[in-house]
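Working notes, beginning with the structure itself.
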Amino acid sequence: MYTLGIDIGSASSKVVILKDGRDIVAEEVVQFGTGSSGPDRVLHQAFTKSGLTFDDMAKVVATGYGRFSVEQAQKQISEISCHAKGIFFLVPTARTIIDIGGQDAKAIKLDKRGMVSQFFMNDKCAAGTGRFLEVMSRVLEVPLDKMAEYDSKASEVVSVSSTCTVFAESEVISHLSNNVPKENIIAGVHASVASKACGLAYRTGLEEDIVMSGGVAQNEGVVRAISKELQKKVIVAPHPQVVGALGAALFAYDEAKKVQ
């Protein structure tokens, strides 16, 4: 039995196809989100890779900002529930999830059954999100995928204290004009992101194991900064960017079993 989960975010579209609720047959990410061609592209890639079609899917569940735009989905489920489902499947010991996406950040607390007991979300401001890192990458003229490498060479963490992306950008430009090493500025940028994410996590009632998901979890510099801020080990989930789509595919499997 095949089921499909699709996560349409503000910045990217993700798909996971599962076989029998256990095996990932395909996982795809396209850096175009809701309101763009992203959903069509990511579905095309997933079906091309797997050799399957919509007709082969027992159920389809959509999540994310654009979940109501997926006509083929039989059900729409919130990203909070889908992230919880996906993380618990991958890391059953998880009790706190920190998810940093393109334009939002979430902290979710799970009970021992993997059910959501508390969550907080910042989707009103780009600070502390992937978009914030993209802006800083552009200002610093350092590719996003190189920022963790720069961070690892920092001799100190320079303060980037502004809570607004626009003001933080000005702050970074000021550091550059004062010849502050880019490595130290990037360490400060990562610390700023970590501070905002950890603020959400503390509000949930922090409990281990702590697991990170979302595209930003692929940035080792941010992961290190969060671990340092919390003074606790942080686990990066396998397949961190597709956790929401995985959760949706798992929910689709649950739905399909009901009608067997």
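To be explicit about the labels: the chains of the structure tokens are called A, B, and onward in the order shown, and within each one the residues are counted from 1, while ligands get numbers from 1 in the order they are shown.
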I'd like to know which residues of region 140-209 of chain A are alpha helix (DSSP H) (by DSSP, run on the backbone); could you write them as a PyMOL selection string? chain A and resi 140+147-151+165-177+182-204
Distance query Arg67 (chain A) at most 9 Å, only C-alpha atoms, self and fewer than 2 positions along chain excluded, as JSON, numbers by chain: {"A": [6, 7, 8, 9, 34, 61, 62, 63, 64, 65, 69, 70, 73, 75, 76, 77, 78]}
Using DSSP on the backbone, list every residue of region 17-251 of chain A that comes out as strand (DSSP E or B), and give them as a ChimeraX atom specification. /A:17-19,23-30,57-63,75-76,96-100,105-110,116-122,210-213,234-236
Include N, CA and C atoms and write out the residues we just selected as a CSV table (one decimal), in the first residue's frame.
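Dumped to result-v3.csv:
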chain,number,residue,atom,x,y,z
A,17,ILE,N,6.6,9.7,-0.3
A,17,ILE,CA,5.7,8.5,-0.6
A,17,ILE,C,6.2,7.4,0.3
A,18,LEU,N,5.2,6.8,1.0
A,18,LEU,CA,5.5,5.6,1.9
A,18,LEU,C,4.9,4.3,1.3
A,19,LYS,N,5.6,3.2,1.6
A,19,LYS,CA,5.1,1.9,1.3
A,19,LYS,C,4.7,1.2,2.6
A,23,ASP,N,8.3,2.2,4.8
A,23,ASP,CA,9.4,2.4,4.0
A,23,ASP,C,9.2,3.7,3.1
A,24,ILE,N,10.2,4.6,3.1
A,24,ILE,CA,10.2,5.8,2.3
A,24,ILE,C,10.6,5.4,0.8
A,25,VAL,N,9.7,5.5,-0.1
A,25,VAL,CA,9.9,5.1,-1.5
A,25,VAL,C,10.5,6.3,-2.2
A,26,ALA,N,10.0,7.5,-1.9
A,26,ALA,CA,10.5,8.7,-2.5
A,26,ALA,C,10.4,9.9,-1.5
A,27,GLU,N,11.3,10.8,-1.5
A,27,GLU,CA,11.3,12.0,-0.8
A,27,GLU,C,11.9,13.1,-1.6
A,28,GLU,N,11.1,14.2,-1.9
A,28,GLU,CA,11.6,15.2,-2.8
A,28,GLU,C,11.3,16.6,-2.1
A,29,VAL,N,12.2,17.5,-2.5
A,29,VAL,CA,12.1,18.9,-2.0
A,29,VAL,C,12.3,19.8,-3.2
A,30,VAL,N,11.4,20.8,-3.3
A,30,VAL,CA,11.6,21.9,-4.4
A,30,VAL,C,11.5,23.2,-3.6
A,57,MET,N,-1.8,5.6,-5.2
A,57,MET,CA,-1.9,6.1,-3.8
A,57,MET,C,-3.2,5.7,-3.2
A,58,ALA,N,-3.1,5.0,-2.0
A,58,ALA,CA,-4.3,4.6,-1.3
A,58,ALA,C,-4.9,5.9,-0.7
A,59,LYS,N,-4.1,6.8,-0.2
A,59,LYS,CA,-4.6,8.0,0.4
A,59,LYS,C,-3.5,9.1,0.2
A,60,VAL,N,-4.0,10.4,0.1
A,60,VAL,CA,-3.1,11.5,0.0
A,60,VAL,C,-3.5,12.5,1.1
A,61,VAL,N,-2.5,13.0,1.9
A,61,VAL,CA,-2.8,14.0,2.9
A,61,VAL,C,-1.8,15.2,2.7
A,62,ALA,N,-2.4,16.4,2.8
A,62,ALA,CA,-1.6,17.6,2.6
A,62,ALA,C,-1.5,18.3,3.9
A,63,THR,N,-0.3,19.0,4.1
A,63,THR,CA,-0.1,19.8,5.2
A,63,THR,C,0.6,21.1,4.8
A,75,LYS,N,-7.4,14.7,2.6
A,75,LYS,CA,-7.5,15.3,4.0
A,75,LYS,C,-6.4,16.3,4.1
A,76,GLN,N,-6.6,17.3,4.9
A,76,GLN,CA,-5.6,18.4,5.2
A,76,GLN,C,-5.4,18.4,6.7
A,96,THR,N,10.8,17.1,22.8
A,96,THR,CA,10.8,18.5,22.3
A,96,THR,C,11.3,18.5,20.9
A,97,ILE,N,10.5,19.2,20.0
A,97,ILE,CA,10.8,19.4,18.6
A,97,ILE,C,11.1,20.9,18.4
A,98,ILE,N,12.2,21.2,17.8
A,98,ILE,CA,12.5,22.6,17.4
A,98,ILE,C,12.6,22.5,15.9
A,99,ASP,N,11.6,23.2,15.2
A,99,ASP,CA,11.5,23.2,13.8
A,99,ASP,C,11.7,24.6,13.2
A,100,ILE,N,12.7,24.8,12.4
A,100,ILE,CA,13.0,26.1,11.8
A,100,ILE,C,12.9,26.0,10.3
A,105,ALA,N,9.2,29.4,12.7
A,105,ALA,CA,9.9,28.6,13.7
A,105,ALA,C,8.8,28.0,14.7
A,106,LYS,N,9.0,26.7,15.0
A,106,LYS,CA,8.0,26.1,15.9
A,106,LYS,C,8.8,25.4,17.0
A,107,ALA,N,8.2,25.3,18.2
A,107,ALA,CA,8.6,24.4,19.3
A,107,ALA,C,7.4,23.6,19.7
A,108,ILE,N,7.6,22.3,19.7
A,108,ILE,CA,6.5,21.3,20.0
A,108,ILE,C,6.9,20.4,21.1
A,109,LYS,N,6.1,20.2,22.1
A,109,LYS,CA,6.3,19.2,23.1
A,109,LYS,C,5.5,18.0,22.9
A,110,LEU,N,6.1,16.8,23.0
A,110,LEU,CA,5.4,15.6,22.8
A,110,LEU,C,5.3,14.8,24.1
A,116,VAL,N,0.9,15.7,20.7
A,116,VAL,CA,1.3,17.1,21.0
A,116,VAL,C,0.6,17.5,22.3
A,117,SER,N,1.5,17.9,23.3
A,117,SER,CA,1.0,18.4,24.6
A,117,SER,C,1.1,19.9,24.7
A,118,GLN,N,1.9,20.5,23.9
A,118,GLN,CA,2.1,22.0,23.9
A,118,GLN,C,2.9,22.4,22.7
A,119,PHE,N,2.6,23.6,22.2
A,119,PHE,CA,3.4,24.1,21.1
A,119,PHE,C,3.3,25.6,21.0
A,120,PHE,N,4.4,26.2,20.5
A,120,PHE,CA,4.5,27.7,20.3
A,120,PHE,C,5.1,27.9,18.9
A,121,MET,N,4.6,28.9,18.2
A,121,MET,CA,5.0,29.1,16.8
A,121,MET,C,5.2,30.6,16.6
A,122,ASN,N,6.3,30.9,15.8
A,122,ASN,CA,6.5,32.3,15.4
A,122,ASN,C,6.4,32.3,13.9
A,210,ILE,N,15.7,16.3,22.6
A,210,ILE,CA,15.4,17.4,21.8
A,210,ILE,C,15.8,17.1,20.4
A,211,VAL,N,14.9,17.3,19.5
A,211,VAL,CA,15.1,17.0,18.1
A,211,VAL,C,14.9,18.2,17.2
A,212,MET,N,15.8,18.4,16.3
A,212,MET,CA,15.6,19.5,15.3
A,212,MET,C,15.1,19.0,14.0
A,213,SER,N,14.2,19.7,13.4
A,213,SER,CA,13.8,19.4,12.0
A,213,SER,C,13.7,20.8,11.2
A,234,VAL,N,21.4,18.2,21.1
A,234,VAL,CA,20.3,18.3,20.2
A,234,VAL,C,20.5,17.3,19.0
A,235,ILE,N,19.5,16.5,18.8
A,235,ILE,CA,19.5,15.5,17.7
A,235,ILE,C,18.9,16.1,16.5
A,236,VAL,N,19.6,16.0,15.4
A,236,VAL,CA,19.1,16.4,14.1
A,236,VAL,C,18.3,15.2,13.5
Could you pull the residues within 10 Å of Arg131 (chain A), counting only C-alpha atoms, minus those fewer than 6 positions along the same chain, as a ChimeraX atom specification? /A:11,101-104,125,137,165,216
Between A:Arg22, A:His190, A:His83, A:Arg138, which residue has the minimum interatomic distance to Gln241 (chain A), considering only C-alpha atoms?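 Using only C-alpha atoms, the shortest distance to Gln241 (chain A) belongs to A:His83.
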Minimum-distance residue to Asn179 (chain A), chosen among A:Ala237, A:Leu43, A:Ala252, A:Leu140 (using only C-alpha atoms): A:Leu140
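Considering only C-alpha atoms, the residue among A:Glu183, A:Glu71, A:Glu169, A:Asp151 positioned nearest to Val223 (chain A) is A:Asp151.
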With distances taken over only C-alpha atoms, the candidate from A:Asn184, A:Ser170, A:Ser12, A:Asn178 nearest Ser36 (chain A) is A:Ser12
Of the candidates A:Cys198, A:Val193, A:Asp20, A:Gly5, which one gets nearest to Lys257 (chain A) if we count only C-alpha atoms?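 Among the listed residues, A:Asp20 lies closest to Lys257 (chain A).
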